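File shown: data21.csv. Contents: CSV, C-alpha atoms.
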chain,number,residue,atom,x,y,z
A,1,MET,CA,24.5,6.2,67.3
A,2,SER,CA,20.9,5.2,67.7
A,3,VAL,CA,17.6,6.5,69.0
A,4,TYR,CA,14.8,4.8,70.9
A,5,THR,CA,12.1,4.0,68.3
A,6,PRO,CA,9.0,4.9,70.3
A,7,LEU,CA,10.1,8.6,70.2
A,8,LEU,CA,8.8,8.5,66.6
A,9,GLY,CA,5.3,8.1,68.2
A,10,THR,CA,5.5,11.7,69.4
A,11,LEU,CA,6.5,12.9,65.9
A,12,TRP,CA,3.6,10.9,64.5
A,13,ARG,CA,1.0,12.6,66.7
A,14,THR,CA,2.6,16.0,66.0
A,15,LEU,CA,2.3,15.5,62.3
A,16,GLU,CA,-1.3,14.6,62.6
A,17,SER,CA,-2.0,17.8,64.6
A,18,TYR,CA,-0.7,19.7,61.5
A,19,GLY,CA,-3.0,17.8,59.2
A,20,VAL,CA,0.1,16.2,57.6
A,21,ASP,CA,0.1,12.5,56.7
A,22,PRO,CA,2.8,11.0,59.0
A,23,CYS,CA,3.5,8.3,56.4
A,24,GLN,CA,5.0,10.9,54.2
A,25,ALA,CA,7.7,11.7,56.8
A,26,ILE,CA,8.1,8.5,58.9
A,27,ASP,CA,9.4,5.4,57.2
A,28,LYS,CA,7.2,2.4,57.5
A,29,ALA,CA,10.2,0.3,58.4
A,30,HIS,CA,10.8,2.5,61.5
A,31,PHE,CA,7.4,3.1,63.0
A,32,ARG,CA,3.7,2.5,62.7
A,33,PRO,CA,1.1,2.8,65.5
A,34,GLY,CA,0.1,-0.4,67.1
A,35,ASN,CA,3.4,-2.2,66.5
A,36,ASP,CA,4.4,-3.3,69.9
A,37,SER,CA,7.8,-4.5,68.7
A,38,VAL,CA,9.0,-0.9,68.4
A,39,HIS,CA,9.7,-0.8,72.2
A,40,SER,CA,12.6,-3.1,71.7
A,41,GLN,CA,13.8,-1.5,68.5
A,42,ARG,CA,16.1,1.4,67.6
A,43,VAL,CA,16.7,3.6,64.6
A,44,THR,CA,20.0,5.2,63.7
A,45,PHE,CA,20.5,8.8,64.6
A,46,THR,CA,21.0,9.5,60.9
A,47,ASP,CA,17.5,8.1,60.1
A,48,PHE,CA,15.9,9.9,63.0
A,49,ASP,CA,17.6,13.2,62.0
A,50,ALA,CA,16.4,12.7,58.4
A,51,THR,CA,12.8,12.3,59.8
A,52,LEU,CA,13.1,15.5,61.7
A,53,ALA,CA,14.4,17.3,58.6
A,54,ARG,CA,11.4,16.0,56.6
A,55,ILE,CA,9.0,17.2,59.3
A,56,GLU,CA,10.6,20.6,59.4
A,57,SER,CA,10.1,21.0,55.6
A,58,GLN,CA,6.6,19.7,55.6
A,59,VAL,CA,5.0,21.6,58.5
A,60,ASN,CA,6.8,24.9,57.7
A,61,ASP,CA,6.5,26.0,61.3
A,62,PRO,CA,9.5,27.6,63.1
A,63,ALA,CA,8.0,26.7,66.5
A,64,ALA,CA,7.3,23.0,65.6
A,65,GLY,CA,9.8,21.9,68.3
A,66,ILE,CA,7.6,23.5,70.9
A,67,ARG,CA,4.6,21.8,69.5
A,68,ILE,CA,6.2,18.4,69.7
A,69,ALA,CA,6.2,18.6,73.5
A,70,GLN,CA,2.4,18.9,73.5
A,71,PHE,CA,2.2,15.4,72.0
A,72,MET,CA,4.9,13.7,74.1
A,73,HIS,CA,3.6,10.9,76.4
A,74,PRO,CA,5.8,9.4,79.1
A,75,SER,CA,5.4,6.0,77.4
A,76,HIS,CA,7.3,7.4,74.4
A,77,LEU,CA,10.3,7.6,76.8
A,78,GLY,CA,9.9,4.0,77.9
A,79,ALA,CA,11.0,2.9,81.3
A,80,LEU,CA,12.8,6.2,81.8
A,81,GLY,CA,9.6,8.2,81.3
A,82,HIS,CA,7.8,6.1,83.9
A,83,ALA,CA,10.7,6.4,86.3
A,84,TRP,CA,10.7,10.1,85.8
A,85,ILE,CA,7.1,10.6,86.8
A,86,ALA,CA,7.6,8.4,89.9
A,87,SER,CA,10.7,10.4,91.1
A,88,SER,CA,10.6,12.1,94.5
A,89,SER,CA,11.8,15.5,93.2
A,90,LEU,CA,12.8,17.2,90.0
A,91,ARG,CA,16.4,17.0,91.2
A,92,THR,CA,16.3,13.2,91.5
A,93,ALA,CA,14.5,13.1,88.1
A,94,VAL,CA,17.2,15.1,86.3
A,95,ARG,CA,19.9,13.0,87.9
A,96,LEU,CA,18.0,9.9,86.6
A,97,ALA,CA,17.9,11.4,83.1
A,98,SER,CA,21.6,12.2,83.3
A,99,ARG,CA,22.4,8.6,84.1
A,100,PHE,CA,20.2,7.0,81.5
A,101,HIS,CA,19.5,9.5,78.7
A,102,ARG,CA,21.5,7.5,76.2
A,103,MET,CA,18.7,4.9,76.3
A,104,LEU,CA,16.7,7.5,74.4
A,105,ASN,CA,19.4,9.0,72.1
A,106,GLU,CA,23.0,8.0,72.0
A,107,ALA,CA,24.0,11.1,70.0
A,108,VAL,CA,22.8,13.5,72.8
A,109,GLU,CA,24.3,13.9,76.2
A,110,PHE,CA,22.1,15.2,79.1
A,111,GLN,CA,24.4,17.1,81.4
A,112,VAL,CA,23.5,18.2,84.9
A,113,GLN,CA,25.4,20.8,87.0
A,114,GLU,CA,24.2,21.2,90.6
A,115,LEU,CA,24.9,24.7,92.0
A,116,PRO,CA,23.9,26.0,95.5
A,117,ASP,CA,21.0,28.0,94.1
A,118,ARG,CA,20.1,26.1,91.0
A,119,VAL,CA,20.3,23.0,88.9
A,120,VAL,CA,21.6,23.6,85.4
A,121,VAL,CA,20.7,21.1,82.6
A,122,ARG,CA,22.5,21.2,79.2
A,123,TYR,CA,22.2,19.1,76.1
A,124,GLN,CA,25.3,18.3,74.1
A,125,VAL,CA,24.7,16.9,70.6
A,126,ASN,CA,27.6,14.8,69.4
A,127,GLU,CA,26.6,14.7,65.8
A,128,GLN,CA,25.8,17.3,63.1
A,129,PRO,CA,22.0,17.2,62.7
A,130,LYS,CA,20.2,18.4,59.6
A,131,ALA,CA,17.5,20.0,61.7
A,132,PRO,CA,19.4,21.4,64.7
A,133,ASP,CA,16.7,24.0,65.6
A,134,LEU,CA,13.9,21.5,65.7
A,135,LEU,CA,15.9,19.1,67.7
A,136,GLY,CA,17.1,21.7,70.2
A,137,ASP,CA,13.6,23.2,70.7
A,138,ALA,CA,12.0,19.8,71.1
A,139,GLN,CA,14.6,18.7,73.7
A,140,LEU,CA,14.0,21.6,76.0
A,141,ALA,CA,10.3,21.8,75.4
A,142,VAL,CA,9.9,18.1,76.3
A,143,LEU,CA,12.0,18.6,79.4
A,144,VAL,CA,9.8,21.4,80.6
A,145,MET,CA,6.7,19.4,79.8
A,146,MET,CA,8.0,16.5,81.9
A,147,CYS,CA,8.9,18.9,84.7
A,148,ARG,CA,5.3,20.3,84.6
A,149,LEU,CA,3.9,16.8,84.6
A,150,ASN,CA,5.6,16.2,87.9
A,151,TYR,CA,5.7,19.6,89.6
A,152,GLY,CA,2.5,21.1,88.2
A,153,PRO,CA,1.6,23.6,85.4
A,154,ASP,CA,3.1,26.5,87.3
A,155,PHE,CA,6.7,25.2,86.8
A,156,TYR,CA,8.9,27.8,85.1
A,157,PRO,CA,12.7,27.5,84.6
A,158,ILE,CA,14.9,30.4,85.7
A,159,ASP,CA,16.2,30.8,82.1
A,160,VAL,CA,16.3,29.0,78.8
A,161,LYS,CA,19.2,29.0,76.4
A,162,LEU,CA,19.0,27.9,72.8
A,163,THR,CA,21.7,27.5,70.1
A,164,ARG,CA,19.3,28.5,67.4
A,165,SER,CA,19.3,32.1,66.1
A,166,GLU,CA,16.4,34.3,67.3
A,167,PRO,CA,13.3,33.7,65.2
A,168,ALA,CA,11.4,36.6,63.6
A,169,ASP,CA,8.6,36.1,66.2
A,170,PRO,CA,10.0,34.7,69.6
A,171,GLY,CA,6.5,34.8,71.0
A,172,PRO,CA,5.8,31.0,71.0
A,173,TRP,CA,9.0,30.3,72.9
A,174,LEU,CA,8.4,33.1,75.5
A,175,LYS,CA,4.9,31.9,76.0
A,176,TYR,CA,5.7,28.2,76.4
A,177,PHE,CA,8.8,28.5,78.6
A,178,GLY,CA,7.3,31.5,80.6
A,179,THR,CA,10.7,33.0,81.2
A,180,SER,CA,13.6,34.7,79.5
A,181,VAL,CA,14.9,32.9,76.4
A,182,SER,CA,18.4,33.6,75.1
A,183,PHE,CA,19.0,32.6,71.5
A,184,GLY,CA,22.3,32.0,69.7
A,185,GLN,CA,23.9,30.4,72.8
A,186,PRO,CA,26.9,27.9,72.8
A,187,GLN,CA,24.7,25.1,74.3
A,188,THR,CA,21.0,24.3,74.7
A,189,GLY,CA,19.9,24.2,78.3
A,190,LEU,CA,17.9,25.6,81.2
A,191,SER,CA,18.2,26.3,84.9
A,192,ILE,CA,15.8,25.3,87.7
A,193,THR,CA,15.8,27.0,91.1
A,194,ALA,CA,17.1,24.8,94.0
A,195,SER,CA,13.8,25.2,95.8
A,196,ASP,CA,11.8,24.0,92.8
A,197,ALA,CA,14.3,21.1,92.2
A,198,ASP,CA,13.9,19.9,95.8
A,199,GLN,CA,10.1,20.4,96.2
A,200,PRO,CA,8.7,17.0,97.2
A,201,LEU,CA,6.4,15.5,94.5
A,202,THR,CA,3.1,13.9,95.2
A,203,GLY,CA,3.6,11.2,92.6
A,204,SER,CA,6.8,9.9,94.3
A,205,ASN,CA,7.1,6.1,94.4
A,206,ARG,CA,10.5,4.8,95.2
A,207,GLU,CA,9.6,1.2,94.5
A,208,LEU,CA,8.4,2.1,90.9
A,209,VAL,CA,11.6,4.0,90.3
A,210,GLN,CA,13.7,1.0,91.3
A,211,ILE,CA,11.7,-1.3,89.1
A,212,HIS,CA,12.1,0.9,86.1
A,213,GLU,CA,15.7,1.5,86.8
A,214,GLU,CA,16.3,-2.2,86.6
A,215,VAL,CA,14.5,-2.4,83.3
A,216,ILE,CA,16.6,0.5,81.9
A,217,GLN,CA,19.9,-1.1,83.1
A,218,ARG,CA,19.0,-4.4,81.5
A,219,TYR,CA,18.1,-2.6,78.3
A,220,LEU,CA,21.4,-0.7,78.3
A,221,VAL,CA,23.5,-3.8,78.9
A,222,LYS,CA,21.9,-5.4,75.9
A,223,LEU,CA,22.4,-2.2,73.9
A,224,ASP,CA,26.1,-2.0,74.8
A,225,ARG,CA,26.7,-5.7,74.1
A,226,ASN,CA,25.4,-5.3,70.6
A,227,ASN,CA,26.8,-1.9,69.8
A,228,ILE,CA,30.3,-1.9,68.3
A,229,LEU,CA,30.4,1.9,68.3
A,230,ASN,CA,29.8,2.2,72.0
A,231,GLN,CA,32.4,-0.5,72.7
A,232,SER,CA,34.9,1.3,70.5
A,233,ARG,CA,34.2,4.7,72.1
A,234,LEU,CA,34.7,3.3,75.5
A,235,ARG,CA,38.0,1.7,74.6
A,236,ILE,CA,39.3,4.8,72.9
A,237,MET,CA,38.3,6.8,76.0
A,238,GLU,CA,40.3,4.4,78.2
A,239,GLN,CA,43.4,4.5,75.9
A,240,LEU,CA,43.5,8.3,75.3
A,241,PRO,CA,45.6,9.3,78.4
A,242,THR,CA,48.3,6.8,77.3
A,243,GLY,CA,49.0,8.9,74.2
A,244,ARG,CA,48.8,5.8,72.1
A,245,VAL,CA,45.5,5.3,70.4
A,246,THR,CA,45.6,3.5,67.0
A,247,GLU,CA,43.2,1.4,65.0
A,248,ASP,CA,45.5,-1.6,65.5
A,249,ASP,CA,45.3,-1.2,69.3
A,250,LEU,CA,41.6,-0.8,69.3
A,251,ALA,CA,41.1,-3.9,67.2
A,252,GLN,CA,43.3,-5.9,69.6
A,253,VAL,CA,41.5,-4.8,72.7
A,254,LEU,CA,38.2,-5.6,71.0
A,255,ASN,CA,39.5,-9.1,70.1
A,256,MET,CA,39.1,-8.7,66.4
A,257,SER,CA,41.2,-8.1,63.3
A,258,LYS,CA,41.8,-4.6,62.1
A,259,ARG,CA,39.9,-5.5,58.9
A,260,THR,CA,36.9,-6.8,60.8
A,261,LEU,CA,36.9,-3.6,62.9
A,262,HIS,CA,37.1,-1.4,59.8
A,263,ARG,CA,34.2,-3.3,58.2
A,264,LYS,CA,32.0,-3.1,61.3
A,265,LEU,CA,32.6,0.7,61.7
A,266,ARG,CA,31.9,1.3,58.0
A,267,GLU,CA,28.6,-0.6,58.4
A,268,ASN,CA,27.7,2.1,60.9
A,269,ASN,CA,28.9,5.0,58.7
A,270,GLU,CA,31.9,5.6,61.0
A,271,THR,CA,35.7,5.2,60.9
A,272,PHE,CA,38.3,5.0,63.6
A,273,ARG,CA,39.3,8.6,63.0
A,274,SER,CA,35.7,9.8,63.2
A,275,LEU,CA,35.2,8.0,66.5
A,276,LEU,CA,38.5,9.3,67.9
A,277,MET,CA,37.4,12.9,67.1
A,278,GLN,CA,33.9,12.4,68.6
A,279,VAL,CA,35.4,11.1,71.9
A,280,ARG,CA,38.0,13.8,72.1
A,281,ARG,CA,35.5,16.5,71.4
A,282,ARG,CA,33.0,15.2,73.9
A,283,LEU,CA,35.6,14.9,76.6
A,284,ALA,CA,37.1,18.3,75.8
A,285,GLU,CA,33.7,20.0,76.3
A,286,ASN,CA,33.4,18.3,79.7
A,287,TYR,CA,37.0,19.1,80.8
A,288,ILE,CA,36.9,22.7,79.7
A,289,GLY,CA,33.9,23.3,82.1
A,290,ASN,CA,36.0,21.9,85.0
A,291,ASP,CA,38.6,24.4,86.4
A,292,ASP,CA,40.4,21.6,88.1
A,293,TYR,CA,42.1,20.8,84.8
A,294,SER,CA,44.5,23.2,83.1
A,295,VAL,CA,44.5,23.4,79.3
A,296,THR,CA,47.8,21.5,79.2
A,297,GLU,CA,46.4,18.7,81.4
A,298,ILE,CA,43.3,18.4,79.1
A,299,ALA,CA,45.6,18.1,76.1
A,300,PHE,CA,47.4,15.2,77.5
A,301,LEU,CA,44.2,13.5,78.8
A,302,LEU,CA,42.9,13.6,75.3
A,303,GLY,CA,46.1,12.0,73.9
A,304,TYR,CA,47.7,15.0,72.3
A,305,THR,CA,51.5,15.3,72.5
A,306,ASP,CA,51.4,19.1,72.9
A,307,THR,CA,49.0,21.8,73.9
A,308,SER,CA,49.2,23.6,70.5
A,309,ALA,CA,47.8,20.5,68.7
A,310,PHE,CA,44.9,20.4,71.1
A,311,SER,CA,44.2,24.1,70.8
A,312,ARG,CA,44.1,23.9,67.0
A,313,ALA,CA,41.7,20.9,67.1
A,314,PHE,CA,39.5,22.7,69.7
A,315,ARG,CA,39.3,25.8,67.6
A,316,ASN,CA,38.3,23.8,64.5
A,317,TRP,CA,35.5,22.2,66.6
A,318,TYR,CA,34.1,25.2,68.3
A,319,GLY,CA,35.5,28.3,66.5
A,320,ARG,CA,37.3,29.6,69.6
A,321,SER,CA,40.3,28.7,71.7
A,322,PRO,CA,40.1,26.5,74.9
A,323,THR,CA,40.9,29.5,77.0
A,324,GLN,CA,38.1,31.5,75.4
A,325,ALA,CA,35.6,28.7,75.8
A,326,ARG,CA,36.5,28.4,79.5
A,327,GLU,CA,36.1,32.1,80.1
A,328,GLN,CA,32.7,32.0,78.4
A,329,SER,CA,31.6,29.0,80.4
A,330,ASN,CA,32.6,30.6,83.7
A,331,ALA,CA,30.8,33.8,82.8
A,332,ALA,CA,27.6,32.0,81.9

Written form, structure tokens:
Amino acid sequence: MSVYTPLLGTLWRTLESYGVDPCQAIDKAHFRPGNDSVHSQRVTFTDFDATLARIESQVNDPAAGIRIAQFMHPSHLGALGHAWIASSSLRTAVRLASRFHRMLNEAVEFQVQELPDRVVVRYQVNEQPKAPDLLGDAQLAVLVMMCRLNYGPDFYPIDVKLTRSEPADPGPWLKYFGTSVSFGQPQTGLSITASDADQPLTGSNRELVQIHEEVIQRYLVKLDRNNILNQSRLRIMEQLPTGRVTEDDLAQVLNMSKRTLHRKLRENNETFRSLLMQVRRRLAENYIGNDDYSVTEIAFLLGYTDTSAFSRAFRNWYGRSPTQAREQSNAA
């Protein structure tokens, strides 16, 4: 799992705003202003997360994630940022982000659900971050900032949901988002009214969007070609419904020996079992939100031989049964 290095530029500017020396939190090997090569580089999610944890301890501000959004520039998001601001509407912008968000952070999914009266955006983090509150706040705050950049300063979501517990003073969150904020939720996300999502934007430029989409697609092709973890996850996902997913099978489909596969995964601090769990957990979250699949069908799609084994795994991941998770999702 890796992260687009220019995102560290936002963190750099944020630290400066606190009067904190960014060099104390951001490794020189990862980012320094003026180094143009960072636009083709990536840092591991582990290193990015460790940077967030250092920032969290050094600034000692519970609302630091909100502040990060104030120092985000579209160029920190690369071609995706430029395509976003040239989008014809917020609906097309969030669709674009859903397709290409992994360019920015492979550990985070940008999920979009389009309902008749609203567009719902959720973030799914597929790792265990050291600074989950800072990450979650920053994700939503940056999303709102980008929406305001396109729509205007009077953009306000219908609601905001955060996984973090309610802070002693929720004022900064309420002031920034300008709407109701629910803390302690299963997922981080927000909703946009259908009318706001479909409002034509004055900065729309289809030609620019197409140009930047091509840049993103070339970037992702290169990323996938060089990323053994992405290749492994894709192959595991393809093999799951067969009920036979082993390290031997994965090595064979990737045209390498089991020993080579094991070494490459270990170099990225992963194992076959950890990747299998990640893929199953990610797919389970998506399937549970889709009533077209029964719990039994989901179990077999994920390669489990029986429903009880899937239910036990799901409870270990989320602390509740698949049925309970579906009921909560439908009630949200």

>> List as a ChimeraX atom specification the protein and nucleic acid residues near region 83-86 of chain A, meaning an atom at most 12 Å away when only C-alpha atoms are counted, but skip any in the same chain fewer than 5 places from it.
In response: /A:73-75,77-78,91-101,143,145-152,200-216

Residues of region 98-151 of chain A that have any atom at most 8 Å from an atom of region 177-195 of chain A: could you tabulate them with the shortest-distance atom pair and the distance in Å to one decimal, using only C-alpha atoms, ordered by chain and increasing number, as a Markdown table?
| residue | atom | partner | partner_atom | distance |
| --- | --- | --- | --- | --- |
| A:Pro116 | CA | A:Ala194 | CA | 7.1 |
| A:Asp117 | CA | A:Ala194 | CA | 5.0 |
| A:Arg118 | CA | A:Thr193 | CA | 4.4 |
| A:Val119 | CA | A:Ile192 | CA | 5.2 |
| A:Val120 | CA | A:Ser191 | CA | 4.4 |
| A:Val121 | CA | A:Gly189 | CA | 5.4 |
| A:Arg122 | CA | A:Gly189 | CA | 4.1 |
| A:Tyr123 | CA | A:Thr188 | CA | 5.5 |
| A:Gln124 | CA | A:Gln187 | CA | 6.8 |
| A:Gly136 | CA | A:Thr188 | CA | 6.5 |
| A:Leu140 | CA | A:Gly189 | CA | 6.8 |
| A:Ala141 | CA | A:Phe177 | CA | 7.6 |
| A:Val144 | CA | A:Phe177 | CA | 7.4 |

> Which residue, A:Asn269, A:Met1, A:Arg326, A:Leu261, has the smallest gap to Asp292 (chain A) when you use all atoms listed in the file?
Replying inline: A:Arg326

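When all atoms listed in the file are used to measure the gap to Thr271 (chain A), the shortest distance among A:Ile228, A:Ile298, A:Val43, A:Val160 belongs to A:Ile228.
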
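For the pair CA of Ser2 (chain A) and CA of Tyr219 (chain A), the separation is 13.5 Å.
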
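Minimum atom-to-atom distances from A:Thr46, A:Asp198, A:Asn316, A:Lys222 to Asn268 (chain A) were compared using all atoms listed in the file, and the lowest value belongs to A:Thr46.
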